[in-house]
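The file target10.cif comes next; it holds mmCIF, C-alpha atoms and all ligand atoms.
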```cif
data_data
#
loop_
_atom_site.label_atom_id
_atom_site.label_comp_id
_atom_site.auth_asym_id
_atom_site.auth_seq_id
_atom_site.Cartn_x
_atom_site.Cartn_y
_atom_site.Cartn_z
CA MET A 229 15.66 10.41 3.48
CA TYR A 230 12.08 9.44 2.67
CA ILE A 231 11.04 7.98 6.01
CA GLY A 232 13.23 9.87 8.44
CA GLY A 233 15.43 7.04 9.67
CA VAL A 234 16.01 3.31 9.97
CA ASP A 235 14.96 3.06 13.61
CA VAL A 236 11.64 1.89 15.02
CA ARG A 237 9.92 5.13 13.99
CA GLY A 238 11.12 4.83 10.39
CA LEU A 239 9.96 1.24 10.33
CA HIS A 240 6.43 2.15 11.43
CA HIS A 241 6.46 5.10 9.04
CA LEU A 242 6.29 2.51 6.24
CA LEU A 243 2.96 1.31 7.56
CA TRP A 244 1.63 4.84 8.01
CA GLU A 245 2.39 5.52 4.32
CA ILE A 246 0.39 2.50 3.17
CA VAL A 247 -2.49 3.28 5.51
CA ASP A 248 -2.47 6.91 4.27
CA ASN A 249 -3.14 5.64 0.76
CA SER A 250 -6.17 3.77 2.00
CA VAL A 251 -7.31 6.86 3.92
CA ASP A 252 -6.96 8.89 0.70
CA GLU A 253 -9.33 6.42 -0.90
CA TYR A 254 -11.75 7.06 1.96
CA LEU A 255 -11.33 10.83 1.46
CA ALA A 256 -12.17 10.29 -2.20
CA GLU A 257 -15.41 8.73 -0.90
CA ALA A 258 -14.45 5.44 -2.52
CA ALA A 259 -13.63 3.33 0.57
CA ASP A 260 -15.10 3.00 4.06
CA ARG A 261 -13.13 0.09 5.48
CA ILE A 262 -9.43 -0.54 6.17
CA THR A 263 -8.03 -3.74 7.59
CA VAL A 264 -4.51 -3.99 9.01
CA THR A 265 -3.09 -7.39 9.87
CA LEU A 266 0.17 -7.77 11.78
CA HIS A 267 1.48 -11.22 11.01
CA LYS A 268 2.64 -13.37 13.87
CA ASP A 269 6.33 -13.05 12.97
CA GLY A 270 5.93 -9.33 13.79
CA GLU A 271 7.99 -8.55 10.67
CA SER A 272 5.30 -8.24 8.03
CA LEU A 273 1.91 -6.65 7.54
CA THR A 274 -1.07 -6.77 5.23
CA VAL A 275 -3.19 -3.65 4.66
CA SER A 276 -6.47 -3.77 2.72
CA ASP A 277 -9.05 -1.23 1.72
CA ASN A 278 -12.33 -1.57 -0.12
CA GLY A 279 -11.68 1.35 -2.47
CA ARG A 280 -11.56 1.42 -6.26
CA GLY A 281 -8.33 -0.54 -6.45
CA ILE A 282 -5.08 0.87 -7.84
CA PRO A 283 -5.56 1.10 -11.63
CA VAL A 284 -4.05 -1.81 -13.54
CA ASP A 285 -4.42 -0.51 -17.09
CA LYS A 286 -1.31 0.30 -19.15
CA HIS A 287 -0.14 3.87 -18.89
CA PRO A 288 -0.32 5.17 -22.48
CA LYS A 289 3.08 6.91 -22.43
CA LEU A 290 5.06 4.75 -20.01
CA LYS A 291 3.65 1.51 -21.49
CA LYS A 292 3.50 -0.24 -18.16
CA PRO A 293 0.59 -1.06 -15.88
CA THR A 294 -0.26 1.89 -13.63
CA LEU A 295 0.09 -0.40 -10.60
CA GLU A 296 3.71 -1.16 -11.47
CA ILE A 297 4.53 2.51 -12.07
CA ILE A 298 3.01 3.54 -8.75
CA LEU A 299 5.00 0.88 -6.92
CA THR A 300 8.34 1.38 -8.68
CA THR A 301 8.59 5.09 -9.44
CA LEU A 302 9.56 7.48 -6.66
CA HIS A 303 7.18 10.44 -6.92
CA ALA A 304 4.97 8.60 -9.40
CA GLY A 305 2.19 10.93 -8.25
CA GLY A 306 3.40 13.73 -10.51
CA LYS A 307 3.23 11.49 -13.56
CA PHE A 308 -0.53 11.27 -13.25
CA SER A 309 -1.13 14.94 -12.52
CA ASP A 310 -4.68 15.03 -13.90
CA LYS A 311 -5.09 13.67 -17.41
CA ASN A 312 -5.75 10.05 -16.52
CA TYR A 313 -6.96 10.10 -12.95
CA ALA A 314 -8.18 12.81 -10.67
CA ARG A 315 -6.44 12.99 -7.31
CA SER A 316 -8.23 13.50 -4.04
CA GLY A 317 -5.69 15.98 -2.70
CA GLY A 318 -3.56 13.46 -0.83
CA LEU A 319 -0.35 11.93 -2.07
CA HIS A 320 -2.36 8.97 -3.38
CA GLY A 321 0.07 6.19 -4.03
CA VAL A 322 3.23 8.26 -3.78
CA GLY A 323 4.49 6.59 -0.61
CA SER A 324 3.94 3.08 -1.97
CA SER A 325 7.12 3.11 -4.04
CA VAL A 326 9.16 4.12 -0.99
CA VAL A 327 7.71 1.29 1.06
CA ASN A 328 8.34 -1.08 -1.84
CA ALA A 329 11.97 0.02 -2.25
CA LEU A 330 12.59 -0.58 1.45
CA SER A 331 10.84 -3.97 1.54
CA ASP A 332 12.43 -7.36 1.10
CA GLU A 333 9.10 -8.53 -0.26
CA LEU A 334 5.90 -6.77 -1.29
CA VAL A 335 2.81 -8.28 -2.86
CA ALA A 336 0.10 -6.06 -4.33
CA THR A 337 -3.34 -7.56 -4.89
CA VAL A 338 -6.00 -5.47 -6.60
CA HIS A 339 -9.66 -6.24 -7.10
CA ARG A 340 -10.88 -4.19 -10.00
CA ASP A 341 -12.37 -4.39 -13.49
CA GLY A 342 -14.01 -7.75 -12.70
CA HIS A 343 -10.79 -9.51 -11.72
CA GLU A 344 -8.19 -10.12 -9.05
CA TRP A 345 -4.75 -8.88 -10.11
CA MET A 346 -1.44 -9.56 -8.44
CA GLN A 347 2.16 -8.44 -8.75
CA ARG A 348 5.16 -9.28 -6.56
CA PHE A 349 8.27 -7.24 -5.81
CA LYS A 350 11.58 -7.60 -4.04
CA ARG A 351 13.45 -4.53 -2.82
CA GLY A 352 11.29 -2.38 -5.09
CA LYS A 353 11.85 -4.38 -8.27
CA PRO A 354 9.13 -6.48 -9.90
CA THR A 355 9.74 -10.22 -9.62
CA THR A 356 6.62 -10.97 -11.67
CA ASP A 357 4.57 -9.11 -14.24
CA ILE A 358 1.11 -8.10 -13.14
CA LYS A 359 -1.04 -11.19 -13.42
CA LYS A 360 -4.81 -11.54 -13.82
CA VAL A 361 -5.49 -14.14 -11.15
CA LYS A 362 -9.20 -14.88 -11.47
CA PRO A 363 -12.57 -13.25 -12.02
CA PHE A 364 -13.63 -11.30 -8.95
CA ARG A 365 -16.63 -9.21 -7.97
CA GLY A 366 -15.82 -6.29 -5.75
CA HIS A 367 -12.98 -3.84 -5.55
CA GLY A 368 -10.11 -2.79 -3.36
CA THR A 369 -6.37 -2.84 -2.79
CA THR A 370 -4.33 -5.16 -0.58
CA ILE A 371 -0.63 -4.67 0.14
CA PHE A 372 1.49 -7.24 1.96
CA PHE A 373 5.02 -6.09 2.80
CA ARG A 374 8.03 -7.20 4.81
CA PRO A 375 10.60 -4.43 5.42
CA ASP A 376 14.20 -5.09 4.45
CA ALA A 377 16.22 -6.30 7.45
CA GLU A 378 19.37 -5.00 5.73
CA ILE A 379 18.00 -1.46 5.92
CA PHE A 380 16.18 -1.30 9.24
CA ARG A 381 18.06 -1.76 12.49
CA ARG A 382 15.38 -4.09 13.74
CA VAL A 383 12.33 -5.32 11.85
CA GLN A 384 9.80 -5.85 14.61
CA PHE A 385 6.51 -3.98 14.51
CA SER A 386 4.83 -2.92 17.74
CA SER A 387 1.15 -3.85 17.94
CA GLU A 388 0.72 -1.14 20.56
CA LEU A 389 2.18 1.61 18.32
CA ILE A 390 0.00 0.39 15.47
CA ARG A 391 -3.14 0.20 17.58
CA GLN A 392 -2.58 3.74 18.87
CA HIS A 393 -1.98 5.19 15.40
CA LEU A 394 -5.02 3.46 13.92
CA GLU A 395 -7.14 4.64 16.84
CA ASP A 396 -6.01 8.24 16.18
CA ILE A 397 -6.97 7.92 12.52
CA SER A 398 -10.35 6.42 13.39
CA TYR A 399 -11.17 9.42 15.61
CA ILE A 400 -10.24 11.86 12.86
CA HIS A 401 -12.26 10.10 10.16
CA GLY A 402 -15.82 9.43 11.22
CA GLY A 403 -17.52 6.82 9.07
CA LEU A 404 -14.27 5.02 8.37
CA THR A 405 -14.08 1.53 9.87
CA ILE A 406 -10.56 0.36 10.74
CA VAL A 407 -9.97 -3.22 11.77
CA PHE A 408 -6.67 -4.27 13.35
CA THR A 409 -5.86 -7.93 13.77
CA THR A 410 -2.79 -9.94 14.62
CA THR A 411 -2.32 -13.40 13.17
C1 LIG B 501 -3.49 -0.90 1.03
C2 LIG B 501 -3.09 0.39 0.42
O1 LIG B 501 -2.92 2.02 -1.78
N1 LIG B 501 -5.17 2.10 -1.98
C3 LIG B 501 -5.26 2.83 -3.13
C4 LIG B 501 -6.22 3.70 -4.94
C5 LIG B 501 -7.16 4.04 -5.87
C6 LIG B 501 -6.79 4.81 -6.97
C7 LIG B 501 -5.47 5.21 -7.04
C8 LIG B 501 -4.91 4.18 -5.08
C9 LIG B 501 -3.74 6.69 -10.47
C10 LIG B 501 -2.81 7.47 -11.22
C11 LIG B 501 -2.76 8.37 -9.11
C12 LIG B 501 -8.56 4.24 -8.60
N2 LIG B 501 -9.43 4.59 -9.56
N3 LIG B 501 -4.18 0.95 -0.30
C13 LIG B 501 -4.02 1.72 -1.39
N4 LIG B 501 -6.37 2.95 -3.81
N5 LIG B 501 -4.54 4.92 -6.13
S1 LIG B 501 -3.95 3.66 -3.82
O2 LIG B 501 -5.11 5.95 -8.09
C14 LIG B 501 -3.84 6.47 -8.11
C15 LIG B 501 -3.86 7.41 -9.21
O3 LIG B 501 -2.15 8.31 -10.29
C16 LIG B 501 -7.76 5.19 -8.00
C17 LIG B 501 -9.54 5.87 -9.93
N6 LIG B 501 -8.76 6.82 -9.37
C18 LIG B 501 -7.89 6.48 -8.41
#
```
Transcribe the structure of this file into structure tokens.
Ligand code: 28F
Amino acid sequence: MYIGGVDVRGLHHLLWEIVDNSVDEYLAEAADRITVTLHKDGESLTVSDNGRGIPVDKHPKLKKPTLEIILTTLHAGGKFSDKNYARSGGLHGVGSSVVNALSDELVATVHRDGHEWMQRFKRGKPTTDIKKVKPFRGHGTTIFFRPDAEIFRRVQFSSELIRQHLEDISYIHGGLTIVFTTT
């Protein structure tokens, strides 16, 4: 019901949701570069942006790191209406929990607040707490995900569909650099 189906379009819709979050960060004038990597198995992807990084601080009321809430709560967007973070007008982070729920594996890496942070998930549930990995200069968000083969009819991304979609986005958003690689 969130992605419109479990066919090839629904599968690629997962990627569009993640890329949209990076584009939102561009629209917030906080990112100017997005990298999409289709891994050689054709079943998994990594998307990175050089934005502010999804916040990792503990949400005062929910007592969990914001990153975990965004990735595990459907419609988490509403929980942050305005008090803690301003929103750019997009759905900023809302689609991430859907992608996570429909992924056999998802790894979120955030560069922010002087460190690299990482948290892993399986079918939308955390398999680790958020971990401070190491000191890091720079900022951004990286999401690796592999859609759940028990949900999608066939988990095989099309590099041509991806290339076309990213090209469309690049024409719409001047000043945004989008890199697409397959490895
Ligand atoms: C590869 C996918 O998802 N990028 C994102 C941000 C940045 C912020 C953010 C995202 C927090 C509470 C909404 C940071 N600092 N790429 C991404 N980059 N989400 S998703 O915030 C989400 C808000 O609710 C961000 C200050 N404000 C916003």
Nearest residue to Glu271 of chain A from the set A:Leu239, A:Val234, A:Leu330, A:Val383 (distances using all atoms listed in the file): A:Val383
Which of A:Asp396, A:Glu378, A:Glu296, A:Glu253 sits closest to Thr337 of chain A [using only C-alpha atoms]: A:Glu296
Selected residue of minimal separation from Gly366 of chain A among A:Val275, A:Ala259, A:Leu290, A:Leu394, counting only C-alpha atoms: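 Comparing A:Val275, A:Ala259, A:Leu290, A:Leu394 against Gly366 of chain A, the winner is A:Ala259.
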Mind listing as a CSV table (one decimal) with C-alpha atoms, in the coordinates of the input all residues within 12 Å of (-12.3, -13.6, -14.7), counting all atoms listed in the file?
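Written output follows (out_2.csv):
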```csv
chain,number,residue,atom,x,y,z
A,339,HIS,CA,-9.7,-6.2,-7.1
A,340,ARG,CA,-10.9,-4.2,-10.0
A,341,ASP,CA,-12.4,-4.4,-13.5
A,342,GLY,CA,-14.0,-7.8,-12.7
A,343,HIS,CA,-10.8,-9.5,-11.7
A,344,GLU,CA,-8.2,-10.1,-9.0
A,345,TRP,CA,-4.8,-8.9,-10.1
A,359,LYS,CA,-1.0,-11.2,-13.4
A,360,LYS,CA,-4.8,-11.5,-13.8
A,361,VAL,CA,-5.5,-14.1,-11.2
A,362,LYS,CA,-9.2,-14.9,-11.5
A,363,PRO,CA,-12.6,-13.2,-12.0
A,364,PHE,CA,-13.6,-11.3,-9.0
A,365,ARG,CA,-16.6,-9.2,-8.0
```
Ser398 of chain A surroundings by only C-alpha atoms, 10 Å radius, close-in-sequence under 6 positions cut, as a PyMOL selection string: chain A and resi 251+392+404-407
7 Å contact set for Ser250 of chain A, only C-alpha atoms, chain neighbours under 4 positions out, as a PDB file with C-alpha atoms, in the coordinates of the input:
```pdb
ATOM      1  CA  ILE A 246       0.390   2.500   3.170  1.00  0.00           C
ATOM      2  CA  TYR A 254     -11.750   7.060   1.960  1.00  0.00           C
ATOM      3  CA  ILE A 262      -9.430  -0.540   6.170  1.00  0.00           C
ATOM      4  CA  ASP A 277      -9.050  -1.230   1.720  1.00  0.00           C
TER       5      ASP A 277
END
```
Can you give me N, CA, C and O atoms for segment 320-339 of chain A, written as a PDB file, in the coordinates of the input?
```pdb
ATOM      1  N   HIS A 320      -1.847  10.162  -2.705  1.00  0.00           N
ATOM      2  CA  HIS A 320      -2.360   8.970  -3.380  1.00  0.00           C
ATOM      3  C   HIS A 320      -1.343   8.106  -4.114  1.00  0.00           C
ATOM      4  O   HIS A 320      -1.087   8.289  -5.295  1.00  0.00           O
ATOM      5  N   GLY A 321      -0.798   7.154  -3.389  1.00  0.00           N
ATOM      6  CA  GLY A 321       0.070   6.190  -4.030  1.00  0.00           C
ATOM      7  C   GLY A 321       1.533   6.569  -4.042  1.00  0.00           C
ATOM      8  O   GLY A 321       2.378   5.748  -4.372  1.00  0.00           O
ATOM      9  N   VAL A 322       1.844   7.809  -3.685  1.00  0.00           N
ATOM     10  CA  VAL A 322       3.230   8.260  -3.780  1.00  0.00           C
ATOM     11  C   VAL A 322       4.138   7.491  -2.820  1.00  0.00           C
ATOM     12  O   VAL A 322       5.237   7.074  -3.186  1.00  0.00           O
ATOM     13  N   GLY A 323       3.653   7.258  -1.598  1.00  0.00           N
ATOM     14  CA  GLY A 323       4.490   6.590  -0.610  1.00  0.00           C
ATOM     15  C   GLY A 323       4.703   5.109  -0.881  1.00  0.00           C
ATOM     16  O   GLY A 323       5.638   4.508  -0.351  1.00  0.00           O
ATOM     17  N   SER A 324       3.859   4.530  -1.730  1.00  0.00           N
ATOM     18  CA  SER A 324       3.940   3.080  -1.970  1.00  0.00           C
ATOM     19  C   SER A 324       5.276   2.665  -2.540  1.00  0.00           C
ATOM     20  O   SER A 324       5.799   1.594  -2.200  1.00  0.00           O
ATOM     21  N   SER A 325       5.847   3.473  -3.417  1.00  0.00           N
ATOM     22  CA  SER A 325       7.120   3.110  -4.040  1.00  0.00           C
ATOM     23  C   SER A 325       8.260   3.163  -3.028  1.00  0.00           C
ATOM     24  O   SER A 325       9.218   2.393  -3.131  1.00  0.00           O
ATOM     25  N   VAL A 326       8.145   4.046  -2.053  1.00  0.00           N
ATOM     26  CA  VAL A 326       9.160   4.120  -0.990  1.00  0.00           C
ATOM     27  C   VAL A 326       9.095   2.867  -0.133  1.00  0.00           C
ATOM     28  O   VAL A 326      10.118   2.224   0.144  1.00  0.00           O
ATOM     29  N   VAL A 327       7.894   2.510   0.263  1.00  0.00           N
ATOM     30  CA  VAL A 327       7.710   1.290   1.060  1.00  0.00           C
ATOM     31  C   VAL A 327       8.230   0.092   0.276  1.00  0.00           C
ATOM     32  O   VAL A 327       8.940  -0.769   0.818  1.00  0.00           O
ATOM     33  N   ASN A 328       7.908   0.044  -1.005  1.00  0.00           N
ATOM     34  CA  ASN A 328       8.340  -1.080  -1.840  1.00  0.00           C
ATOM     35  C   ASN A 328       9.868  -1.153  -1.908  1.00  0.00           C
ATOM     36  O   ASN A 328      10.450  -2.225  -1.714  1.00  0.00           O
ATOM     37  N   ALA A 329      10.506  -0.011  -2.136  1.00  0.00           N
ATOM     38  CA  ALA A 329      11.970   0.020  -2.250  1.00  0.00           C
ATOM     39  C   ALA A 329      12.651  -0.456  -0.970  1.00  0.00           C
ATOM     40  O   ALA A 329      13.750  -1.013  -1.010  1.00  0.00           O
ATOM     41  N   LEU A 330      11.984  -0.245   0.158  1.00  0.00           N
ATOM     42  CA  LEU A 330      12.590  -0.580   1.450  1.00  0.00           C
ATOM     43  C   LEU A 330      12.063  -1.912   2.000  1.00  0.00           C
ATOM     44  O   LEU A 330      12.281  -2.231   3.170  1.00  0.00           O
ATOM     45  N   SER A 331      11.393  -2.676   1.120  1.00  0.00           N
ATOM     46  CA  SER A 331      10.840  -3.970   1.540  1.00  0.00           C
ATOM     47  C   SER A 331      11.536  -5.124   0.835  1.00  0.00           C
ATOM     48  O   SER A 331      11.762  -5.098  -0.374  1.00  0.00           O
ATOM     49  N   ASP A 332      11.842  -6.139   1.616  1.00  0.00           N
ATOM     50  CA  ASP A 332      12.430  -7.360   1.100  1.00  0.00           C
ATOM     51  C   ASP A 332      11.438  -8.089   0.210  1.00  0.00           C
ATOM     52  O   ASP A 332      11.813  -8.768  -0.750  1.00  0.00           O
ATOM     53  N   GLU A 333      10.166  -7.924   0.533  1.00  0.00           N
ATOM     54  CA  GLU A 333       9.100  -8.530  -0.260  1.00  0.00           C
ATOM     55  C   GLU A 333       7.859  -7.673  -0.152  1.00  0.00           C
ATOM     56  O   GLU A 333       7.528  -7.176   0.937  1.00  0.00           O
ATOM     57  N   LEU A 334       7.183  -7.469  -1.279  1.00  0.00           N
ATOM     58  CA  LEU A 334       5.900  -6.770  -1.290  1.00  0.00           C
ATOM     59  C   LEU A 334       5.017  -7.432  -2.326  1.00  0.00           C
ATOM     60  O   LEU A 334       5.460  -7.733  -3.434  1.00  0.00           O
ATOM     61  N   VAL A 335       3.787  -7.690  -1.944  1.00  0.00           N
ATOM     62  CA  VAL A 335       2.810  -8.280  -2.860  1.00  0.00           C
ATOM     63  C   VAL A 335       1.603  -7.354  -2.920  1.00  0.00           C
ATOM     64  O   VAL A 335       1.007  -7.036  -1.878  1.00  0.00           O
ATOM     65  N   ALA A 336       1.277  -6.914  -4.119  1.00  0.00           N
ATOM     66  CA  ALA A 336       0.100  -6.060  -4.330  1.00  0.00           C
ATOM     67  C   ALA A 336      -0.999  -6.902  -4.955  1.00  0.00           C
ATOM     68  O   ALA A 336      -0.777  -7.565  -5.974  1.00  0.00           O
ATOM     69  N   THR A 337      -2.169  -6.881  -4.345  1.00  0.00           N
ATOM     70  CA  THR A 337      -3.340  -7.560  -4.890  1.00  0.00           C
ATOM     71  C   THR A 337      -4.417  -6.506  -5.090  1.00  0.00           C
ATOM     72  O   THR A 337      -4.714  -5.734  -4.172  1.00  0.00           O
ATOM     73  N   VAL A 338      -4.971  -6.467  -6.286  1.00  0.00           N
ATOM     74  CA  VAL A 338      -6.000  -5.470  -6.600  1.00  0.00           C
ATOM     75  C   VAL A 338      -7.241  -6.200  -7.099  1.00  0.00           C
ATOM     76  O   VAL A 338      -7.147  -7.124  -7.915  1.00  0.00           O
ATOM     77  N   HIS A 339      -8.369  -5.780  -6.574  1.00  0.00           N
ATOM     78  CA  HIS A 339      -9.660  -6.240  -7.100  1.00  0.00           C
ATOM     79  C   HIS A 339     -10.272  -5.063  -7.850  1.00  0.00           C
ATOM     80  O   HIS A 339     -10.524  -4.004  -7.266  1.00  0.00           O
TER      81      HIS A 339
END
```
